[in-house]
Amino acid sequence: MNACVNNLSELKLCYLGPQGSFTHQAALKVQQQCQLWNTLQITPTACERISDIAYEIEEHNNWGVIAWENNIEGVVIPNLDLLIGAKNMVGIARVGVNISFDAVICKSDSIDNCSTIVAHPHALAQCRKFAQAHGLKEKTSSSNAAACRDLLPGEVALGPKICADLYNRHIVSEGVEDFSGARTEFLVLAPRDEASDFVNIQRENFSSFSSIIAFIPRCTGAGVLANLLDVVRDHGLNMTSFMSRPIKGQDGLYSFIATVDSAPWDSMCKDMIQEVVEHGDWVRVLAVYPSSVRDNPVMSEWMLPNGGVCIEPSVDALRNLNVMQAERELLW
């Protein structure tokens with residue numbers, strides 16, 4: 001193992017603080033996992049802003065951990081944009097944290113006196129039923145732990161259970177999220193110039209990887225996106241996520257972000273990337289991390305949104321289609 005990897009024992013793992021945030025919990029999980037390798041001892045360090053985390057990574061060669069995707073509210077868009085445009089930052093690991101929110105108030109306060117609820121925007125979106133039931137006006141915070149720490153009389157904060165003890169708050173209601181089973185996935189970030197050292201360690205210990213890859217087609221027009229997806233399909237890659245983001249300030253121009261069950265060094269993925277590059281398009285691997293082989297999830301009927309059209313597949317399936325519903329939902 002080279003000198004660069006040996007120096008990893010001096011690294012900070014920067015997270016969006018303060019203490020007690022879900023990102024702090026993710027950082028602690030990463031610290032525990034890294035202790036499996038004696039040379040990878042890192043110190044979780046709180047930062048006030050995501051931009052501070054990026055600065056520590058790109059300018060001081062430290063590591064960071066950021067929220068990436070929640071199974072209730074989806075991808076964290078500012079963090080996605082940050083990673084697309086980063087000059088020297090890449091994801092090297094992924095860790096999940098189960099999410100549940102407690103509603104807390106100041107010790108001397110009563111929820112009957114509260115008119116405002118404070119939390120990170122994603123937490124507010126996941127706990128709207130509680131806020132509406134108590135007639136609370138939403139107020140955003142940089143993190144849920146910060147909302148608990150900086151809580152004022154007349155406010156309710158949403159946060160992890162640990163925050164009540166950390167900041168001497170009173171829990172007025174536990175588990176106030178609208179949907180149970182919430183989980184947030186976090187990405188561990190490292191300087192791109194040094195990421196290969198840790199990735200090589202992981203390649204020695206894991207056999208299955210996933211990659212997040214950004215594409216920007218240089219040509220626009222009909223069929224461009226279809227052609228890009230054809231390349232991914234033709235190389236036999238399983239794509240588990242696909243998103244688009246606008247090129248800032250440019251109408252009709254987008255970057256496309258795909259998550260595939262493969263590593264950039266695997267032959268199928270590498271050949272796919274090479275073909276896209278040969279087309280003259282822009283490509284960048286945003287993250288690569290170990291992943292477990294999973295069964296394809298089943299989309300049950302009760303999971304579908306209200307309305308829409310869905311019938312059992314068969315040769316004469318359209319005969320079973322409710323014509324009036326189809327006209328309403330499909331605007332035929």
# chains A, B, ... in the order shown; residues from 1 in each chain; ligands from 1

$ residues_around --residues "segment 134-142 of chain A" --least-positions-apart "3" --cutoff "6 Å" --atoms "only C-alpha atoms" --output "ChimeraX atom specification"
/A:115-121,131,147

$ residues_around --residues "Val277 of chain A" --least-positions-apart "6" --cutoff "12 Å" --atoms "only C-alpha atoms" --output "PyMOL selection string"
chain A and resi 214-218+228+231+270-271+283-284

$ write_last_selection --atoms "all heavy atoms" --output "PDB file, in the first residue's frame"
ATOM      1  N   ALA A 214     -22.555  10.679 -15.417  1.00  0.00           N
ATOM      2  CA  ALA A 214     -23.216  11.831 -16.028  1.00  0.00           C
ATOM      3  C   ALA A 214     -22.851  11.908 -17.508  1.00  0.00           C
ATOM      4  O   ALA A 214     -21.692  11.697 -17.885  1.00  0.00           O
ATOM      5  CB  ALA A 214     -22.806  13.119 -15.318  1.00  0.00           C
ATOM      6  N   PHE A 215     -23.854  12.207 -18.326  1.00  0.00           N
ATOM      7  CA  PHE A 215     -23.667  12.361 -19.772  1.00  0.00           C
ATOM      8  C   PHE A 215     -24.236  13.720 -20.200  1.00  0.00           C
ATOM      9  O   PHE A 215     -25.301  14.122 -19.723  1.00  0.00           O
ATOM     10  CB  PHE A 215     -24.420  11.278 -20.555  1.00  0.00           C
ATOM     11  CG  PHE A 215     -24.119   9.870 -20.145  1.00  0.00           C
ATOM     12  CD1 PHE A 215     -24.877   9.238 -19.170  1.00  0.00           C
ATOM     13  CD2 PHE A 215     -23.082   9.163 -20.748  1.00  0.00           C
ATOM     14  CE1 PHE A 215     -24.618   7.930 -18.800  1.00  0.00           C
ATOM     15  CE2 PHE A 215     -22.809   7.849 -20.377  1.00  0.00           C
ATOM     16  CZ  PHE A 215     -23.580   7.238 -19.401  1.00  0.00           C
ATOM     17  N   ILE A 216     -23.535  14.387 -21.104  1.00  0.00           N
ATOM     18  CA  ILE A 216     -24.085  15.590 -21.735  1.00  0.00           C
ATOM     19  C   ILE A 216     -23.935  15.433 -23.244  1.00  0.00           C
ATOM     20  O   ILE A 216     -22.823  15.512 -23.785  1.00  0.00           O
ATOM     21  CB  ILE A 216     -23.368  16.869 -21.267  1.00  0.00           C
ATOM     22  CG1 ILE A 216     -23.505  17.037 -19.754  1.00  0.00           C
ATOM     23  CG2 ILE A 216     -23.960  18.094 -21.992  1.00  0.00           C
ATOM     24  CD1 ILE A 216     -22.814  18.278 -19.207  1.00  0.00           C
ATOM     25  N   PRO A 217     -25.040  15.174 -23.960  1.00  0.00           N
ATOM     26  CA  PRO A 217     -24.966  15.090 -25.423  1.00  0.00           C
ATOM     27  C   PRO A 217     -24.580  16.441 -26.016  1.00  0.00           C
ATOM     28  O   PRO A 217     -25.144  17.476 -25.658  1.00  0.00           O
ATOM     29  CB  PRO A 217     -26.392  14.697 -25.825  1.00  0.00           C
ATOM     30  CG  PRO A 217     -27.008  14.122 -24.579  1.00  0.00           C
ATOM     31  CD  PRO A 217     -26.380  14.859 -23.440  1.00  0.00           C
ATOM     32  N   ARG A 218     -23.619  16.433 -26.902  1.00  0.00           N
ATOM     33  CA  ARG A 218     -23.187  17.680 -27.546  1.00  0.00           C
ATOM     34  C   ARG A 218     -24.110  18.066 -28.692  1.00  0.00           C
ATOM     35  O   ARG A 218     -24.169  19.234 -29.079  1.00  0.00           O
ATOM     36  CB  ARG A 218     -21.753  17.530 -28.045  1.00  0.00           C
ATOM     37  CG  ARG A 218     -20.717  17.274 -26.947  1.00  0.00           C
ATOM     38  CD  ARG A 218     -20.579  18.469 -26.011  1.00  0.00           C
ATOM     39  NE  ARG A 218     -20.216  19.674 -26.724  1.00  0.00           N
ATOM     40  CZ  ARG A 218     -18.979  19.983 -27.109  1.00  0.00           C
ATOM     41  NH1 ARG A 218     -17.974  19.149 -26.819  1.00  0.00           N
ATOM     42  NH2 ARG A 218     -18.731  21.100 -27.749  1.00  0.00           N
ATOM     43  N   LEU A 228     -28.672   7.498 -26.746  1.00  0.00           N
ATOM     44  CA  LEU A 228     -27.831   7.312 -25.563  1.00  0.00           C
ATOM     45  C   LEU A 228     -28.292   6.095 -24.764  1.00  0.00           C
ATOM     46  O   LEU A 228     -27.481   5.259 -24.344  1.00  0.00           O
ATOM     47  CB  LEU A 228     -27.886   8.572 -24.693  1.00  0.00           C
ATOM     48  CG  LEU A 228     -27.199   8.479 -23.315  1.00  0.00           C
ATOM     49  CD1 LEU A 228     -25.714   8.191 -23.460  1.00  0.00           C
ATOM     50  CD2 LEU A 228     -27.427   9.772 -22.525  1.00  0.00           C
ATOM     51  N   VAL A 231     -27.277   2.806 -26.293  1.00  0.00           N
ATOM     52  CA  VAL A 231     -25.886   2.414 -26.048  1.00  0.00           C
ATOM     53  C   VAL A 231     -25.772   1.699 -24.708  1.00  0.00           C
ATOM     54  O   VAL A 231     -25.101   0.666 -24.591  1.00  0.00           O
ATOM     55  CB  VAL A 231     -24.957   3.651 -26.094  1.00  0.00           C
ATOM     56  CG1 VAL A 231     -23.530   3.266 -25.686  1.00  0.00           C
ATOM     57  CG2 VAL A 231     -24.953   4.266 -27.482  1.00  0.00           C
ATOM     58  N   LYS A 270     -17.028  -0.108 -19.397  1.00  0.00           N
ATOM     59  CA  LYS A 270     -15.945   0.631 -20.043  1.00  0.00           C
ATOM     60  C   LYS A 270     -16.200   0.783 -21.539  1.00  0.00           C
ATOM     61  O   LYS A 270     -16.004   1.860 -22.113  1.00  0.00           O
ATOM     62  CB  LYS A 270     -14.611  -0.085 -19.799  1.00  0.00           C
ATOM     63  CG  LYS A 270     -13.392   0.683 -20.296  1.00  0.00           C
ATOM     64  CD  LYS A 270     -12.108  -0.001 -19.855  1.00  0.00           C
ATOM     65  CE  LYS A 270     -10.892   0.813 -20.269  1.00  0.00           C
ATOM     66  NZ  LYS A 270      -9.630   0.177 -19.806  1.00  0.00           N
ATOM     67  N   ASP A 271     -16.676  -0.293 -22.173  1.00  0.00           N
ATOM     68  CA  ASP A 271     -16.974  -0.221 -23.611  1.00  0.00           C
ATOM     69  C   ASP A 271     -18.115   0.759 -23.875  1.00  0.00           C
ATOM     70  O   ASP A 271     -18.109   1.479 -24.883  1.00  0.00           O
ATOM     71  CB  ASP A 271     -17.340  -1.607 -24.140  1.00  0.00           C
ATOM     72  CG  ASP A 271     -16.152  -2.555 -24.173  1.00  0.00           C
ATOM     73  OD1 ASP A 271     -15.016  -2.071 -24.054  1.00  0.00           O
ATOM     74  OD2 ASP A 271     -16.371  -3.780 -24.303  1.00  0.00           O
ATOM     75  N   VAL A 283     -18.737  12.863 -20.845  1.00  0.00           N
ATOM     76  CA  VAL A 283     -19.025  11.797 -19.882  1.00  0.00           C
ATOM     77  C   VAL A 283     -18.163  12.005 -18.638  1.00  0.00           C
ATOM     78  O   VAL A 283     -16.989  12.380 -18.737  1.00  0.00           O
ATOM     79  CB  VAL A 283     -18.736  10.392 -20.459  1.00  0.00           C
ATOM     80  CG1 VAL A 283     -19.181   9.310 -19.479  1.00  0.00           C
ATOM     81  CG2 VAL A 283     -19.406  10.201 -21.798  1.00  0.00           C
ATOM     82  N   ARG A 284     -18.749  11.718 -17.483  1.00  0.00           N
ATOM     83  CA  ARG A 284     -17.985  11.764 -16.243  1.00  0.00           C
ATOM     84  C   ARG A 284     -18.571  10.777 -15.246  1.00  0.00           C
ATOM     85  O   ARG A 284     -19.790  10.739 -15.042  1.00  0.00           O
ATOM     86  CB  ARG A 284     -18.021  13.169 -15.633  1.00  0.00           C
ATOM     87  CG  ARG A 284     -17.028  13.367 -14.497  1.00  0.00           C
ATOM     88  CD  ARG A 284     -17.146  14.758 -13.910  1.00  0.00           C
ATOM     89  NE  ARG A 284     -15.873  15.240 -13.403  1.00  0.00           N
ATOM     90  CZ  ARG A 284     -15.732  16.371 -12.726  1.00  0.00           C
ATOM     91  NH1 ARG A 284     -16.779  17.140 -12.483  1.00  0.00           N
ATOM     92  NH2 ARG A 284     -14.535  16.739 -12.290  1.00  0.00           N
TER      93      ARG A 284
END

$ select_by_dssp --residues "segment 182-267 of chain A" --states "alpha helix (DSSP H)" --output "PDB file with N, CA and C atoms, in the first residue's frame"
ATOM      1  N   ALA A 195      -8.718   9.286  -5.343  1.00  0.00           N
ATOM      2  CA  ALA A 195      -9.764   8.297  -5.066  1.00  0.00           C
ATOM      3  C   ALA A 195      -9.354   6.882  -5.436  1.00  0.00           C
ATOM      4  N   SER A 196      -8.500   6.743  -6.438  1.00  0.00           N
ATOM      5  CA  SER A 196      -8.150   5.406  -6.919  1.00  0.00           C
ATOM      6  C   SER A 196      -7.504   4.558  -5.836  1.00  0.00           C
ATOM      7  N   ASP A 197      -6.812   5.187  -4.872  1.00  0.00           N
ATOM      8  CA  ASP A 197      -6.174   4.416  -3.803  1.00  0.00           C
ATOM      9  C   ASP A 197      -7.209   3.664  -2.973  1.00  0.00           C
ATOM     10  N   PHE A 198      -8.274   4.370  -2.570  1.00  0.00           N
ATOM     11  CA  PHE A 198      -9.309   3.720  -1.775  1.00  0.00           C
ATOM     12  C   PHE A 198     -10.132   2.763  -2.625  1.00  0.00           C
ATOM     13  N   VAL A 199     -10.400   3.143  -3.875  1.00  0.00           N
ATOM     14  CA  VAL A 199     -11.156   2.258  -4.766  1.00  0.00           C
ATOM     15  C   VAL A 199     -10.423   0.931  -4.940  1.00  0.00           C
ATOM     16  N   ASN A 200      -9.104   0.983  -5.050  1.00  0.00           N
ATOM     17  CA  ASN A 200      -8.328  -0.259  -5.192  1.00  0.00           C
ATOM     18  C   ASN A 200      -8.453  -1.138  -3.948  1.00  0.00           C
ATOM     19  N   ILE A 201      -8.524  -0.512  -2.772  1.00  0.00           N
ATOM     20  CA  ILE A 201      -8.738  -1.286  -1.549  1.00  0.00           C
ATOM     21  C   ILE A 201     -10.088  -1.991  -1.611  1.00  0.00           C
ATOM     22  N   GLN A 202     -11.097  -1.268  -2.065  1.00  0.00           N
ATOM     23  CA  GLN A 202     -12.440  -1.854  -2.148  1.00  0.00           C
ATOM     24  C   GLN A 202     -12.488  -2.977  -3.189  1.00  0.00           C
ATOM     25  N   ARG A 203     -11.754  -2.832  -4.271  1.00  0.00           N
ATOM     26  CA  ARG A 203     -11.749  -3.879  -5.303  1.00  0.00           C
ATOM     27  C   ARG A 203     -11.176  -5.179  -4.764  1.00  0.00           C
ATOM     28  N   GLU A 204     -10.322  -5.078  -3.744  1.00  0.00           N
ATOM     29  CA  GLU A 204      -9.761  -6.275  -3.131  1.00  0.00           C
ATOM     30  C   GLU A 204     -10.757  -6.961  -2.195  1.00  0.00           C
ATOM     31  N   ASN A 205     -11.796  -6.215  -1.776  1.00  0.00           N
ATOM     32  CA  ASN A 205     -12.716  -6.736  -0.771  1.00  0.00           C
ATOM     33  C   ASN A 205     -14.144  -6.947  -1.262  1.00  0.00           C
ATOM     34  N   VAL A 224     -31.829  11.895 -29.788  1.00  0.00           N
ATOM     35  CA  VAL A 224     -30.516  11.936 -29.128  1.00  0.00           C
ATOM     36  C   VAL A 224     -30.544  11.143 -27.824  1.00  0.00           C
ATOM     37  N   LEU A 225     -31.554  11.360 -26.987  1.00  0.00           N
ATOM     38  CA  LEU A 225     -31.634  10.646 -25.715  1.00  0.00           C
ATOM     39  C   LEU A 225     -31.879   9.157 -25.950  1.00  0.00           C
ATOM     40  N   ALA A 226     -32.730   8.838 -26.936  1.00  0.00           N
ATOM     41  CA  ALA A 226     -32.990   7.429 -27.250  1.00  0.00           C
ATOM     42  C   ALA A 226     -31.711   6.725 -27.677  1.00  0.00           C
ATOM     43  N   ASN A 227     -30.888   7.412 -28.450  1.00  0.00           N
ATOM     44  CA  ASN A 227     -29.621   6.821 -28.891  1.00  0.00           C
ATOM     45  C   ASN A 227     -28.690   6.563 -27.715  1.00  0.00           C
ATOM     46  N   LEU A 228     -28.672   7.498 -26.746  1.00  0.00           N
ATOM     47  CA  LEU A 228     -27.831   7.312 -25.563  1.00  0.00           C
ATOM     48  C   LEU A 228     -28.292   6.095 -24.764  1.00  0.00           C
ATOM     49  N   LEU A 229     -29.598   5.975 -24.568  1.00  0.00           N
ATOM     50  CA  LEU A 229     -30.128   4.836 -23.826  1.00  0.00           C
ATOM     51  C   LEU A 229     -29.891   3.523 -24.573  1.00  0.00           C
ATOM     52  N   ASP A 230     -29.920   3.580 -25.890  1.00  0.00           N
ATOM     53  CA  ASP A 230     -29.637   2.380 -26.681  1.00  0.00           C
ATOM     54  C   ASP A 230     -28.219   1.876 -26.433  1.00  0.00           C
ATOM     55  N   VAL A 231     -27.277   2.806 -26.293  1.00  0.00           N
ATOM     56  CA  VAL A 231     -25.886   2.414 -26.048  1.00  0.00           C
ATOM     57  C   VAL A 231     -25.772   1.699 -24.708  1.00  0.00           C
ATOM     58  N   VAL A 232     -26.437   2.250 -23.688  1.00  0.00           N
ATOM     59  CA  VAL A 232     -26.409   1.615 -22.365  1.00  0.00           C
ATOM     60  C   VAL A 232     -27.017   0.217 -22.436  1.00  0.00           C
ATOM     61  N   ARG A 233     -28.158   0.098 -23.114  1.00  0.00           N
ATOM     62  CA  ARG A 233     -28.829  -1.201 -23.237  1.00  0.00           C
ATOM     63  C   ARG A 233     -28.013  -2.192 -24.048  1.00  0.00           C
ATOM     64  N   ASP A 234     -27.467  -1.736 -25.166  1.00  0.00           N
ATOM     65  CA  ASP A 234     -26.763  -2.645 -26.068  1.00  0.00           C
ATOM     66  C   ASP A 234     -25.510  -3.242 -25.438  1.00  0.00           C
ATOM     67  N   SER A 267     -15.645  -4.547 -18.258  1.00  0.00           N
ATOM     68  CA  SER A 267     -15.562  -4.435 -19.717  1.00  0.00           C
ATOM     69  C   SER A 267     -16.830  -3.858 -20.336  1.00  0.00           C
TER      70      SER A 267
END

$ select_by_dssp --residues "segment 36-207 of chain A" --states "strand (DSSP E)" --output "NGL selection string"
:A and (43-47 or 63-70 or 74-75 or 90-98 or 102-106 or 116-119 or 137-140 or 155-159 or 169-173 or 183-190)

$ residues_around --residues "Ile247 of chain A" --least-positions-apart "3" --cutoff "12 Å" --atoms "only C-alpha atoms" --output "list in words"
Asp81, Ile84, Gly85, Phe215, Ile216, Pro217, Arg218, Ser244, Gln250, Asp251, Gly252, Leu253, Tyr254, Ser255 and Phe256 of chain A

$ write_last_selection --atoms "C-alpha atoms" --output "PDB file, in the first residue's frame"
ATOM      1  CA  ASP A  81     -25.552  19.579  -8.998  1.00  0.00           C
ATOM      2  CA  ILE A  84     -21.710  17.240 -11.497  1.00  0.00           C
ATOM      3  CA  GLY A  85     -19.803  20.529 -11.463  1.00  0.00           C
ATOM      4  CA  PHE A 215     -23.667  12.361 -19.772  1.00  0.00           C
ATOM      5  CA  ILE A 216     -24.085  15.590 -21.735  1.00  0.00           C
ATOM      6  CA  PRO A 217     -24.966  15.090 -25.423  1.00  0.00           C
ATOM      7  CA  ARG A 218     -23.187  17.680 -27.546  1.00  0.00           C
ATOM      8  CA  SER A 244     -31.910  14.876 -16.003  1.00  0.00           C
ATOM      9  CA  GLN A 250     -29.554  27.323 -21.136  1.00  0.00           C
ATOM     10  CA  ASP A 251     -33.008  26.454 -22.439  1.00  0.00           C
ATOM     11  CA  GLY A 252     -33.389  22.943 -23.834  1.00  0.00           C
ATOM     12  CA  LEU A 253     -29.932  21.692 -22.798  1.00  0.00           C
ATOM     13  CA  TYR A 254     -29.555  18.977 -20.164  1.00  0.00           C
ATOM     14  CA  SER A 255     -27.171  16.628 -18.440  1.00  0.00           C
ATOM     15  CA  PHE A 256     -28.374  13.061 -17.892  1.00  0.00           C
TER      16      PHE A 256
END

$ residues_around --residues "Val188 of chain A" --least-positions-apart "3" --cutoff "9 Å" --atoms "only C-alpha atoms" --output "ChimeraX atom specification"
/A:13,27,30,63-66,90-95,287

$ write_last_selection --atoms "all heavy atoms" --output "compact mmCIF listing (two decimals), in the first residue's frame"
# COMPACT_ATOMS: atom_id res chain seq x y z
N LEU A 13 -13.40 13.42 8.00
CA LEU A 13 -14.59 13.07 7.24
C LEU A 13 -15.63 14.14 7.56
O LEU A 13 -16.26 14.13 8.61
CB LEU A 13 -15.10 11.68 7.63
CG LEU A 13 -16.39 11.24 6.94
CD1 LEU A 13 -16.19 11.14 5.43
CD2 LEU A 13 -16.87 9.91 7.49
N ALA A 27 -21.82 9.48 8.85
CA ALA A 27 -20.37 9.61 9.02
C ALA A 27 -19.84 8.61 10.03
O ALA A 27 -18.77 8.02 9.86
CB ALA A 27 -20.01 11.04 9.42
N VAL A 30 -19.62 5.25 8.42
CA VAL A 30 -18.45 5.18 7.53
C VAL A 30 -17.19 4.97 8.36
O VAL A 30 -16.32 4.17 8.00
CB VAL A 30 -18.34 6.46 6.69
CG1 VAL A 30 -17.04 6.46 5.88
CG2 VAL A 30 -19.53 6.59 5.76
N TRP A 63 -12.02 14.07 3.24
CA TRP A 63 -13.19 13.37 2.73
C TRP A 63 -14.45 14.07 3.21
O TRP A 63 -14.42 14.92 4.11
CB TRP A 63 -13.21 11.92 3.24
CG TRP A 63 -12.23 11.01 2.57
CD1 TRP A 63 -11.20 11.35 1.74
CD2 TRP A 63 -12.19 9.59 2.70
NE1 TRP A 63 -10.52 10.24 1.35
CE2 TRP A 63 -11.10 9.14 1.91
CE3 TRP A 63 -12.94 8.66 3.40
CZ2 TRP A 63 -10.77 7.79 1.80
CZ3 TRP A 63 -12.62 7.32 3.29
CH2 TRP A 63 -11.54 6.89 2.50
N GLY A 64 -15.56 13.70 2.61
CA GLY A 64 -16.85 14.26 3.01
C GLY A 64 -17.94 13.22 2.84
O GLY A 64 -17.76 12.21 2.15
N VAL A 65 -19.09 13.45 3.47
CA VAL A 65 -20.26 12.60 3.28
C VAL A 65 -21.46 13.51 3.10
O VAL A 65 -21.65 14.47 3.87
CB VAL A 65 -20.44 11.61 4.46
CG1 VAL A 65 -20.58 12.34 5.78
CG2 VAL A 65 -21.62 10.70 4.22
N ILE A 66 -22.26 13.25 2.07
CA ILE A 66 -23.42 14.08 1.77
C ILE A 66 -24.64 13.20 1.52
O ILE A 66 -24.51 12.07 1.06
CB ILE A 66 -23.18 14.98 0.54
CG1 ILE A 66 -22.90 14.14 -0.71
CG2 ILE A 66 -22.05 15.98 0.81
CD1 ILE A 66 -22.86 14.94 -2.01
N VAL A 90 -15.27 13.09 -6.09
CA VAL A 90 -15.94 11.92 -6.64
C VAL A 90 -16.44 11.04 -5.50
O VAL A 90 -15.84 11.01 -4.41
CB VAL A 90 -14.98 11.13 -7.57
CG1 VAL A 90 -13.82 10.53 -6.78
CG2 VAL A 90 -15.73 10.04 -8.34
N GLY A 91 -17.55 10.35 -5.72
CA GLY A 91 -18.08 9.44 -4.72
C GLY A 91 -17.35 8.11 -4.75
O GLY A 91 -17.12 7.53 -5.81
N ILE A 92 -16.98 7.59 -3.57
CA ILE A 92 -16.21 6.35 -3.48
C ILE A 92 -16.88 5.29 -2.62
O ILE A 92 -16.41 4.16 -2.56
CB ILE A 92 -14.79 6.62 -2.93
CG1 ILE A 92 -14.87 7.30 -1.57
CG2 ILE A 92 -13.97 7.45 -3.92
CD1 ILE A 92 -13.53 7.40 -0.86
N ALA A 93 -17.97 5.64 -1.96
CA ALA A 93 -18.70 4.68 -1.13
C ALA A 93 -20.10 5.21 -0.90
O ALA A 93 -20.38 6.39 -1.09
CB ALA A 93 -17.99 4.44 0.20
N ARG A 94 -20.99 4.30 -0.50
CA ARG A 94 -22.38 4.66 -0.26
C ARG A 94 -22.83 3.98 1.03
O ARG A 94 -22.50 2.82 1.27
CB ARG A 94 -23.24 4.22 -1.44
CG ARG A 94 -24.71 4.59 -1.36
CD ARG A 94 -25.34 4.49 -2.73
NE ARG A 94 -26.80 4.59 -2.69
CZ ARG A 94 -27.55 5.01 -3.71
NH1 ARG A 94 -26.96 5.36 -4.84
NH2 ARG A 94 -28.85 5.07 -3.61
N VAL A 95 -23.58 4.71 1.85
CA VAL A 95 -24.04 4.17 3.12
C VAL A 95 -25.47 4.64 3.36
O VAL A 95 -25.83 5.77 3.02
CB VAL A 95 -23.11 4.60 4.28
CG1 VAL A 95 -23.09 6.11 4.44
CG2 VAL A 95 -23.50 3.92 5.58
N ALA A 287 -19.53 8.72 -9.29
CA ALA A 287 -19.33 7.89 -8.10
C ALA A 287 -19.24 6.43 -8.52
O ALA A 287 -19.85 6.02 -9.51
CB ALA A 287 -20.46 8.06 -7.09

$ residues_around --residues "Tyr15 of chain A" --least-positions-apart "3" --cutoff "10 Å" --atoms "only C-alpha atoms" --output "ChimeraX atom specification"
/A:12,18-19,21-28,44-50,52-53,63-67,188

$ closest_residue --among "A:Glu275, A:Ser208, A:Thr220, A:Ser241" --to "Val288 of chain A" --atoms "only C-alpha atoms"
A:Ser208

$ closest_residue --among "A:Val285, A:Leu11, A:Ala263, A:Leu152" --to "Gln31 of chain A" --atoms "only C-alpha atoms"
A:Leu11

$ residues_around --residues "Lys129 of chain A" --least-positions-apart "5" --cutoff "9 Å" --atoms "only C-alpha atoms" --output "ChimeraX atom specification"
/A:134,176-178

$ atom_distance --atom1 "atom CA of Asn144 of chain A" --atom2 "atom CA of Thr184 of chain A"
13.7 Å

$ atom_distance --atom1 "atom CA of Asp165 of chain A" --atom2 "atom CA of Gly74 of chain A"
29.3 Å

$ decode --residues "segment 145-156 of chain A" --atoms "N, CA and C atoms" --output "short mmCIF file (atom, residue, chain, number, x, y, z; two decimals), in the first residue's frame"
data_model
loop_
_atom_site.label_atom_id
_atom_site.label_comp_id
_atom_site.auth_asym_id
_atom_site.auth_seq_id
_atom_site.Cartn_x
_atom_site.Cartn_y
_atom_site.Cartn_z
N ALA A 145 -30.56 18.73 12.72
CA ALA A 145 -29.86 18.90 14.00
C ALA A 145 -29.71 20.38 14.33
N ALA A 146 -29.42 21.21 13.31
CA ALA A 146 -29.32 22.66 13.54
C ALA A 146 -30.66 23.22 13.98
N ALA A 147 -31.75 22.70 13.42
CA ALA A 147 -33.08 23.16 13.83
C ALA A 147 -33.32 22.86 15.30
N CYS A 148 -32.91 21.67 15.75
CA CYS A 148 -33.06 21.31 17.17
C CYS A 148 -32.15 22.14 18.06
N ARG A 149 -30.94 22.37 17.62
CA ARG A 149 -29.97 23.14 18.42
C ARG A 149 -30.41 24.59 18.58
N ASP A 150 -30.89 25.20 17.50
CA ASP A 150 -31.19 26.64 17.48
C ASP A 150 -32.66 26.93 17.76
N LEU A 151 -33.39 25.99 18.27
CA LEU A 151 -34.83 26.10 18.47
C LEU A 151 -35.17 27.27 19.40
N LEU A 152 -36.23 28.01 19.03
CA LEU A 152 -36.71 29.14 19.82
C LEU A 152 -38.08 28.81 20.41
N PRO A 153 -38.47 29.47 21.50
CA PRO A 153 -39.83 29.29 22.01
C PRO A 153 -40.85 29.62 20.92
N GLY A 154 -41.91 28.83 20.85
CA GLY A 154 -42.91 29.03 19.82
C GLY A 154 -42.64 28.24 18.56
N GLU A 155 -41.54 27.46 18.56
CA GLU A 155 -41.18 26.66 17.39
C GLU A 155 -41.14 25.17 17.75
N VAL A 156 -41.45 24.36 16.75
CA VAL A 156 -41.29 22.91 16.84
C VAL A 156 -40.20 22.53 15.85
#
